[in-house]
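The file run_5.cif contains mmCIF, C-alpha atoms:
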data_work
#
loop_
_atom_site.label_atom_id
_atom_site.label_comp_id
_atom_site.auth_asym_id
_atom_site.auth_seq_id
_atom_site.Cartn_x
_atom_site.Cartn_y
_atom_site.Cartn_z
CA MET E 1 -10.32 49.10 -52.66
CA ARG E 2 -9.01 52.15 -54.49
CA TYR E 3 -10.36 54.56 -51.87
CA THR E 4 -9.72 52.38 -48.82
CA PRO E 5 -7.03 54.77 -47.43
CA ILE E 6 -9.59 57.61 -47.40
CA THR E 7 -12.08 55.44 -45.53
CA LEU E 8 -9.49 54.29 -42.98
CA PHE E 9 -8.31 57.87 -42.43
CA GLY E 10 -11.90 59.01 -41.84
CA PHE E 11 -12.49 56.25 -39.27
CA ALA E 12 -9.19 56.98 -37.50
CA PHE E 13 -9.57 60.77 -37.50
CA ILE E 14 -12.72 60.81 -35.37
CA PHE E 15 -10.94 58.81 -32.66
CA ILE E 16 -7.68 60.76 -32.84
CA MET E 17 -9.46 64.08 -32.26
CA THR E 18 -11.21 62.74 -29.14
CA THR E 19 -7.81 61.60 -27.85
CA LEU E 20 -6.25 65.01 -28.50
CA GLY E 21 -9.12 66.74 -26.72
CA SER E 22 -8.75 64.41 -23.73
CA ALA E 23 -5.03 65.27 -23.58
CA VAL E 24 -5.89 68.87 -22.62
CA VAL E 25 -6.07 67.56 -19.06
CA PHE E 26 -2.25 67.34 -18.98
CA LEU E 27 -2.02 71.12 -19.26
CA PHE E 28 -2.97 71.27 -15.58
CA LYS E 29 -0.29 69.67 -13.44
CA LYS E 30 -1.71 70.81 -10.10
CA GLU E 31 -5.22 71.07 -8.75
CA ILE E 32 -7.45 73.20 -10.96
CA PRO E 33 -8.39 76.52 -9.24
CA VAL E 34 -12.01 76.86 -8.12
CA ARG E 35 -12.93 79.51 -10.69
CA ILE E 36 -11.30 77.60 -13.55
CA ASN E 37 -12.97 74.41 -12.37
CA ALA E 38 -16.39 76.09 -12.39
CA LEU E 39 -15.69 77.45 -15.87
CA PHE E 40 -14.68 74.02 -17.20
CA LEU E 41 -17.68 72.27 -15.69
CA GLY E 42 -19.99 74.87 -17.19
CA PHE E 43 -18.12 74.64 -20.50
CA ALA E 44 -18.53 70.85 -20.56
CA SER E 45 -22.26 71.27 -19.90
CA GLY E 46 -22.62 73.78 -22.72
CA VAL E 47 -20.74 71.55 -25.16
CA MET E 48 -22.93 68.57 -24.28
CA ILE E 49 -26.20 70.51 -24.50
CA ALA E 50 -25.30 72.01 -27.88
CA ALA E 51 -24.18 68.61 -29.18
CA CYS E 52 -27.53 67.18 -28.07
CA VAL E 53 -29.46 69.81 -30.03
CA TRP E 54 -27.50 70.08 -33.27
CA SER E 55 -25.73 66.72 -33.51
CA LEU E 56 -28.43 64.49 -32.06
CA LEU E 57 -32.01 65.77 -31.66
CA LEU E 58 -32.35 67.82 -34.85
CA PRO E 59 -30.79 65.09 -37.07
CA ALA E 60 -32.97 62.51 -35.27
CA LEU E 61 -36.09 64.54 -36.07
CA GLU E 62 -35.11 64.98 -39.72
CA GLN E 63 -34.45 61.26 -40.14
CA ALA E 64 -37.64 60.32 -38.28
CA LYS E 65 -39.72 62.47 -40.65
CA THR E 66 -38.77 60.29 -43.60
CA ILE E 67 -39.66 57.08 -41.71
CA TYR E 68 -42.50 57.96 -39.32
CA ARG E 69 -43.91 61.03 -41.12
CA LYS E 70 -46.45 62.83 -38.86
CA TRP E 71 -45.39 60.64 -35.92
CA ALA E 72 -41.76 61.75 -36.25
CA PHE E 73 -41.87 63.26 -32.77
CA ALA E 74 -42.55 59.86 -31.18
CA PRO E 75 -39.14 58.17 -31.53
CA VAL E 76 -37.36 61.44 -30.72
CA ALA E 77 -39.34 62.14 -27.54
CA LEU E 78 -39.47 58.53 -26.39
CA GLY E 79 -35.80 57.94 -27.18
CA PHE E 80 -34.88 61.10 -25.28
CA LEU E 81 -36.78 59.95 -22.18
CA LEU E 82 -35.35 56.43 -22.49
CA GLY E 83 -31.86 57.92 -22.39
CA GLY E 84 -32.63 59.53 -19.05
CA LEU E 85 -34.29 56.36 -17.77
CA PHE E 86 -31.28 54.30 -18.82
CA LEU E 87 -28.90 56.46 -16.79
CA THR E 88 -31.30 56.48 -13.85
CA LEU E 89 -31.18 52.68 -13.79
CA LEU E 90 -27.43 52.83 -14.30
CA ASP E 91 -27.18 55.04 -11.22
CA SER E 92 -28.65 52.43 -8.92
CA PHE E 93 -26.30 49.80 -10.35
CA ALA E 94 -23.24 52.06 -10.23
CA GLN E 95 -23.87 53.07 -6.62
CA ARG E 96 -23.46 49.42 -5.64
CA PHE E 97 -20.73 48.47 -8.10
CA TYR E 98 -18.41 51.40 -7.34
CA ARG E 99 -18.92 51.40 -3.57
CA GLY E 100 -15.48 51.49 -1.97
CA LYS E 101 -13.68 52.01 -5.28
CA ARG E 102 -11.70 55.06 -6.36
CA THR E 103 -13.65 55.59 -9.55
CA SER E 104 -16.63 57.83 -8.76
CA VAL E 105 -20.17 57.23 -9.89
CA LYS E 106 -20.15 60.65 -11.57
CA SER E 107 -17.10 59.70 -13.64
CA ALA E 108 -18.70 56.45 -14.75
CA ARG E 109 -21.95 58.23 -15.62
CA LEU E 110 -20.18 60.93 -17.62
CA PHE E 111 -18.09 58.34 -19.47
CA LEU E 112 -21.13 56.28 -20.42
CA ALA E 113 -23.16 59.29 -21.56
CA VAL E 114 -20.41 60.53 -23.91
CA THR E 115 -19.77 56.99 -25.16
CA LEU E 116 -23.47 56.59 -25.98
CA HIS E 117 -23.32 59.91 -27.81
CA ASN E 118 -20.38 58.66 -29.88
CA ILE E 119 -22.21 55.54 -31.08
CA PRO E 120 -24.65 57.26 -33.48
CA GLU E 121 -21.92 59.63 -34.64
CA GLY E 122 -19.74 56.63 -35.52
CA LEU E 123 -22.68 55.02 -37.31
CA ALA E 124 -23.24 58.24 -39.27
CA VAL E 125 -19.64 58.18 -40.52
CA GLY E 126 -19.95 54.49 -41.39
CA PHE E 127 -23.23 55.12 -43.25
CA ALA E 128 -21.58 57.89 -45.28
CA PHE E 129 -18.63 55.75 -46.36
CA GLY E 130 -20.92 52.77 -46.98
CA ALA E 131 -23.04 54.91 -49.31
CA ALA E 132 -19.88 56.21 -50.99
CA ALA E 133 -18.74 52.65 -51.63
CA GLY E 134 -22.07 51.92 -53.28
CA VAL E 135 -21.91 55.02 -55.48
CA GLY E 136 -18.19 54.87 -56.22
CA GLY E 137 -16.00 57.73 -57.34
CA LEU E 138 -13.70 60.15 -55.53
CA GLU E 139 -16.35 62.81 -55.03
CA ALA E 140 -18.60 60.48 -53.00
CA PHE E 141 -15.70 59.45 -50.76
CA LEU E 142 -14.60 63.06 -50.26
CA THR E 143 -18.14 63.96 -49.15
CA ALA E 144 -17.99 61.18 -46.56
CA LEU E 145 -14.51 62.32 -45.52
CA PHE E 146 -15.70 65.89 -44.96
CA LEU E 147 -18.42 64.54 -42.67
CA ALA E 148 -15.80 62.56 -40.71
CA ILE E 149 -13.59 65.64 -40.43
CA GLY E 150 -16.52 67.73 -39.21
CA ILE E 151 -17.42 65.20 -36.53
CA GLY E 152 -13.74 64.81 -35.62
CA VAL E 153 -13.27 68.55 -35.06
CA GLN E 154 -16.33 68.54 -32.81
CA ASN E 155 -14.83 65.61 -30.90
CA PHE E 156 -11.91 67.73 -29.67
CA PRO E 157 -13.94 69.84 -27.21
CA GLU E 158 -15.96 66.73 -26.33
CA GLY E 159 -12.76 64.91 -25.32
CA ALA E 160 -11.83 67.84 -23.09
CA ALA E 161 -15.39 67.96 -21.76
CA ILE E 162 -15.05 64.45 -20.34
CA SER E 163 -11.42 64.43 -19.11
CA LEU E 164 -11.40 67.82 -17.35
CA PRO E 165 -14.49 67.20 -15.14
CA MET E 166 -13.08 63.78 -14.25
CA LYS E 167 -9.84 65.34 -13.06
CA THR E 168 -11.72 67.84 -10.93
CA SER E 169 -13.81 65.03 -9.42
CA GLY E 170 -10.69 63.40 -8.01
CA GLU E 171 -9.33 61.26 -10.83
CA GLY E 172 -5.66 61.70 -11.72
CA ALA E 173 -4.73 63.39 -15.00
CA ARG E 174 -3.58 60.13 -16.58
CA LYS E 175 -6.72 58.26 -15.57
CA ALA E 176 -8.96 61.13 -16.73
CA PHE E 177 -7.15 61.10 -20.08
CA LEU E 178 -7.65 57.35 -20.45
CA TRP E 179 -11.35 57.67 -19.65
CA GLY E 180 -11.72 60.41 -22.24
CA THR E 181 -9.80 58.45 -24.84
CA ALA E 182 -11.76 55.27 -24.15
CA SER E 183 -15.04 57.12 -24.68
CA GLY E 184 -13.97 57.77 -28.27
CA ILE E 185 -13.23 54.14 -29.12
CA ALA E 186 -16.93 53.56 -29.79
CA GLU E 187 -16.86 55.85 -32.83
CA PRO E 188 -14.48 53.93 -35.14
CA ILE E 189 -15.97 50.62 -33.98
CA PHE E 190 -19.50 51.69 -34.87
CA ALA E 191 -18.24 53.40 -38.02
CA VAL E 192 -17.12 49.98 -39.25
CA ILE E 193 -20.47 48.49 -38.21
CA GLY E 194 -22.32 51.28 -39.99
CA TYR E 195 -20.23 50.79 -43.11
CA PHE E 196 -21.32 47.16 -43.50
CA LEU E 197 -24.87 47.46 -42.12
CA ALA E 198 -25.89 50.87 -43.45
CA SER E 199 -29.21 49.81 -44.97
CA ILE E 200 -30.26 47.74 -41.93
CA LEU E 201 -29.37 50.17 -39.13
CA GLN E 202 -30.64 53.35 -40.82
CA THR E 203 -34.17 53.00 -39.39
CA ALA E 204 -32.82 52.71 -35.82
CA GLN E 205 -30.75 55.88 -36.09
CA PRO E 206 -33.43 58.34 -34.81
CA TRP E 207 -33.86 56.23 -31.66
CA LEU E 208 -30.11 56.00 -31.08
CA LEU E 209 -29.59 59.72 -31.60
CA SER E 210 -32.38 60.80 -29.25
CA LEU E 211 -31.48 58.20 -26.61
CA SER E 212 -27.92 59.55 -26.59
CA ALA E 213 -29.24 63.10 -26.24
CA GLY E 214 -31.36 62.13 -23.24
CA ALA E 215 -28.38 60.49 -21.57
CA MET E 216 -26.15 63.54 -22.09
CA ILE E 217 -28.76 66.04 -20.86
CA PHE E 218 -29.30 63.85 -17.79
CA VAL E 219 -25.59 64.00 -16.93
CA ALA E 220 -25.37 67.75 -17.55
CA ALA E 221 -28.40 68.44 -15.34
CA GLN E 222 -27.55 65.86 -12.66
CA ASP E 223 -23.81 66.42 -12.24
CA LEU E 224 -22.04 69.08 -14.27
CA ILE E 225 -24.25 72.17 -13.90
CA PRO E 226 -24.83 71.74 -10.12
CA ASP E 227 -21.09 71.21 -9.56
CA ALA E 228 -20.29 74.34 -11.60
CA LYS E 229 -22.12 76.47 -9.03
CA CYS E 230 -19.82 77.62 -6.23
CA ASP E 231 -19.77 80.49 -3.72
CA GLU E 232 -16.35 81.74 -4.83
CA ALA E 233 -17.47 82.15 -8.45
CA PRO E 234 -21.30 82.18 -8.58
CA ARG E 235 -21.57 83.28 -12.22
CA THR E 236 -18.48 81.65 -13.75
CA GLY E 237 -20.18 78.30 -14.31
CA ALA E 238 -23.10 79.95 -16.11
CA TRP E 239 -20.71 81.76 -18.42
CA GLY E 240 -18.93 78.48 -19.03
CA VAL E 241 -22.25 76.98 -20.19
CA LEU E 242 -22.80 79.89 -22.59
CA VAL E 243 -19.26 79.72 -24.01
CA GLY E 244 -19.31 75.94 -24.39
CA PHE E 245 -22.76 75.98 -25.99
CA SER E 246 -21.77 78.77 -28.40
CA LEU E 247 -18.53 77.08 -29.44
CA MET E 248 -20.19 73.72 -30.08
CA MET E 249 -23.11 75.39 -31.89
CA ILE E 250 -20.68 77.21 -34.20
CA LEU E 251 -18.75 74.00 -34.93
CA ASP E 252 -21.92 72.03 -35.61
CA ILE E 253 -23.41 74.64 -37.93
CA ALA E 254 -20.17 75.54 -39.71
CA LEU E 255 -19.13 71.93 -40.24
CA GLY E 256 -22.57 70.63 -41.07
CA GLY E 257 -22.93 68.54 -37.86
#
Translate this file's structure into structure tokens.
Amino acid sequence: MRYTPITLFGFAFIFIMTTLGSAVVFLFKKEIPVRINALFLGFASGVMIAACVWSLLLPALEQAKTIYRKWAFAPVALGFLLGGLFLTLLDSFAQRFYRGKRTSVKSARLFLAVTLHNIPEGLAVGFAFGAAAGVGGLEAFLTALFLAIGIGVQNFPEGAAISLPMKTSGEGARKAFLWGTASGIAEPIFAVIGYFLASILQTAQPWLLSLSAGAMIFVAAQDLIPDAKCDEAPRTGAWGVLVGFSLMMILDIALGG
């Protein structure tokens, strides 16, 4: 109970940073110019691809090694493909469900992919604070807090990566912001779950991480990268991918993601 405020701050911080990133959409009152749009779509793709590598696939492989040993590649590869399969099945459902509605299938797909990505990150924060509670002491809780801060900082560009493409796909700024914010709600919810079920859910973490990576790569390849290619700015989208990837890679490595 002594360190409860630190735990609550860690859980709240990861959500607040996603919300702040989503709020970037309000900086653009009018329609986003074609070149800027291509840059943002490429940037969102780069952020998602880098997050898949450093925040999801590499940690999934490291965790799988301790559980599956020489078969560590199996849950990572299978989980990755299952993430793509899941969104493929979602596509057929979404095409019917959203027919005639203002919300586009692309927006729904992007929202779900980022939300799936946030689930294992929330669990990771919950695991860290759950372990700290078992160990006790300020140092253990500060270690967990630093992890939450690192993930939270990474969530800022991720929030922008979901709200900005949604605005360019036809959603209003307010609705795009709400979608981006809602995608971050999964993190504190699953942080609480991870806190109480750390020992039980730990073995499922490699599958969750790789499944989320597959879903995010599917969205980047299916929607974001193709939409970033335009005649008016044929190379801008590609540079957006490079910049977004580099920024997210730096954040992940520097903050221990």
Counting all atoms listed in the file, the option among E:Leu178, E:Cys52, E:Ala186, E:Ile250 closest to Leu123 of chain E: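 Looking at the shortest contact to Leu123 of chain E, the residue is E:Ala186.
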Surrounding residues of Asn155 of chain E excluding itself and chain neighbours under 5 positions, 12 Å, only C-alpha atoms, as number ranges by chain: E: 13-22, 47-48, 51, 55, 114-115, 117-118, 121-122, 148-150, 160-162, 180-181, 183-185, 187, 248, 251-252, 257
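Those DNA, RNA and protein residues that approach the point (-20.7, 54.9, -41.4) to within 7 Å, considering all atoms listed in the file, are Gly122, Leu123, Ala124, Val125, Gly126, Phe127, Ala128, Phe129, Gly130, Ala191, Val192, Gly194, Tyr195 and Ala198 of chain E.
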Residues selected by the PyMOL selection byres ((chain E and resi 28) around 12), written as a ChimeraX atom specification: /E:23-27,29-33,36-37,163-164,167-168,172-174,176-177
Hits of the PyMOL selection byres ((chain E and resi 215-222) around 6) in this structure, as a ChimeraX atom specification: /E:45,83-84,113,212-214,223-225
Atom CA of Ile189 of chain E to atom CA of Ile119 of chain E, straight-line distance in Å: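 So the two atoms, atom CA of Ile119 of chain E and atom CA of Ile189 of chain E, lie 8.5 Å apart.
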Contacts of Gly240 of chain E within 7 Å, all atoms listed in the file, excl. fewer than 5 positions in-chain, as a ChimeraX atom specification: /E:39-40,42-43
Selected residue, from E:Leu145, E:Ala108, E:Ala72, E:Ala238, that lies nearest to Arg35 of chain E when counting only C-alpha atoms: E:Ala238
Take the point (-8.3, 56.3, -51.5) in the file's coordinates, draw a sphere of radius 12 Å around it, and report as a short mmCIF file (atom, residue, chain, number, x, y, z; two decimals) with C-alpha atoms, keeping the file's coordinate frame every protein, DNA or RNA residue with an atom inside or on it, counting only C-alpha atoms.
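Resulting contents of result-v3.cif:
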data_model
loop_
_atom_site.label_atom_id
_atom_site.label_comp_id
_atom_site.auth_asym_id
_atom_site.auth_seq_id
_atom_site.Cartn_x
_atom_site.Cartn_y
_atom_site.Cartn_z
CA MET E 1 -10.32 49.10 -52.66
CA ARG E 2 -9.01 52.15 -54.49
CA TYR E 3 -10.36 54.56 -51.87
CA THR E 4 -9.72 52.38 -48.82
CA PRO E 5 -7.03 54.77 -47.43
CA ILE E 6 -9.59 57.61 -47.40
CA THR E 7 -12.08 55.44 -45.53
CA LEU E 8 -9.49 54.29 -42.98
CA PHE E 9 -8.31 57.87 -42.43
CA GLY E 10 -11.90 59.01 -41.84
CA PHE E 129 -18.63 55.75 -46.36
CA ALA E 132 -19.88 56.21 -50.99
CA ALA E 133 -18.74 52.65 -51.63
CA GLY E 136 -18.19 54.87 -56.22
CA GLY E 137 -16.00 57.73 -57.34
CA LEU E 138 -13.70 60.15 -55.53
CA GLU E 139 -16.35 62.81 -55.03
CA ALA E 140 -18.60 60.48 -53.00
CA PHE E 141 -15.70 59.45 -50.76
CA LEU E 142 -14.60 63.06 -50.26
CA ALA E 144 -17.99 61.18 -46.56
CA LEU E 145 -14.51 62.32 -45.52
#
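Shortest separation to Ile193 of chain E among E:Pro75, E:Leu85, E:Pro120, E:Leu57 occurs at residue E:Pro120, atoms counted being all atoms listed in the file.
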Length of the atom CA of Pro157 of chain E to atom CA of Gly46 of chain E vector [Å]: 10.5 Å
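Proximity ranking of E:Glu158, E:Glu232, E:Asp227, E:Glu62 relative to Phe111 of chain E places E:Glu158 first, based on all atoms listed in the file.
Atom pair atom CA of Val243 of chain E / atom CA of Lys229 of chain E: separated by 15.6 Å.
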Best match for closeness to Ala74 of chain E among E:Thr88, E:Ala233, E:Trp207, E:Pro226, counting all atoms listed in the file: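 Using all atoms listed in the file, Ala74 of chain E sits closest to E:Trp207.
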Output: segment 148-171 of chain E of the preceding structure, restricted to N, CA and C atoms, written as a compact mmCIF listing (two decimals), in the first residue's frame.
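Writing the result to decode.txt gives the following:
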# COMPACT_ATOMS: atom_id res chain seq x y z
N ALA E 148 7.29 1.85 -17.27
CA ALA E 148 6.03 2.49 -17.65
C ALA E 148 6.29 3.83 -18.34
N ILE E 149 7.26 4.58 -17.87
CA ILE E 149 7.59 5.86 -18.49
C ILE E 149 8.14 5.64 -19.90
N GLY E 150 9.00 4.63 -20.05
CA GLY E 150 9.53 4.32 -21.37
C GLY E 150 8.45 3.96 -22.36
N ILE E 151 7.53 3.09 -21.96
CA ILE E 151 6.42 2.71 -22.83
C ILE E 151 5.52 3.92 -23.09
N GLY E 152 5.29 4.73 -22.07
CA GLY E 152 4.45 5.92 -22.22
C GLY E 152 5.01 6.90 -23.24
N VAL E 153 6.31 7.15 -23.19
CA VAL E 153 6.94 8.06 -24.16
C VAL E 153 6.78 7.51 -25.58
N GLN E 154 6.92 6.20 -25.73
CA GLN E 154 6.73 5.59 -27.04
C GLN E 154 5.28 5.70 -27.50
N ASN E 155 4.35 5.78 -26.55
CA ASN E 155 2.93 5.86 -26.90
C ASN E 155 2.55 7.19 -27.54
N PHE E 156 3.35 8.22 -27.31
CA PHE E 156 3.02 9.53 -27.89
C PHE E 156 3.01 9.48 -29.42
N PRO E 157 4.10 9.04 -30.07
CA PRO E 157 4.02 8.95 -31.54
C PRO E 157 3.02 7.91 -32.01
N GLU E 158 2.76 6.88 -31.20
CA GLU E 158 1.76 5.88 -31.59
C GLU E 158 0.36 6.49 -31.60
N GLY E 159 0.07 7.36 -30.62
CA GLY E 159 -1.22 8.04 -30.61
C GLY E 159 -1.41 8.90 -31.85
N ALA E 160 -0.34 9.62 -32.23
CA ALA E 160 -0.40 10.43 -33.45
C ALA E 160 -0.51 9.55 -34.69
N ALA E 161 0.13 8.37 -34.63
CA ALA E 161 0.13 7.47 -35.78
C ALA E 161 -1.25 6.89 -36.07
N ILE E 162 -2.14 6.89 -35.09
CA ILE E 162 -3.48 6.39 -35.35
C ILE E 162 -4.46 7.53 -35.66
N SER E 163 -4.34 8.67 -34.99
CA SER E 163 -5.32 9.74 -35.19
C SER E 163 -5.11 10.49 -36.51
N LEU E 164 -3.86 10.72 -36.90
CA LEU E 164 -3.59 11.47 -38.13
C LEU E 164 -4.05 10.73 -39.39
N PRO E 165 -3.72 9.42 -39.55
CA PRO E 165 -4.25 8.72 -40.73
C PRO E 165 -5.77 8.66 -40.74
N MET E 166 -6.40 8.59 -39.58
CA MET E 166 -7.86 8.55 -39.54
C MET E 166 -8.46 9.87 -40.03
N LYS E 167 -7.81 10.97 -39.67
CA LYS E 167 -8.31 12.27 -40.15
C LYS E 167 -8.17 12.36 -41.66
N THR E 168 -7.06 11.87 -42.19
CA THR E 168 -6.86 11.95 -43.64
C THR E 168 -7.78 10.99 -44.40
N SER E 169 -8.29 9.97 -43.71
CA SER E 169 -9.19 9.02 -44.38
C SER E 169 -10.64 9.49 -44.37
N GLY E 170 -10.88 10.68 -43.80
CA GLY E 170 -12.23 11.24 -43.84
C GLY E 170 -12.89 11.44 -42.51
N GLU E 171 -12.27 10.95 -41.43
CA GLU E 171 -12.85 11.17 -40.11
C GLU E 171 -12.58 12.62 -39.68
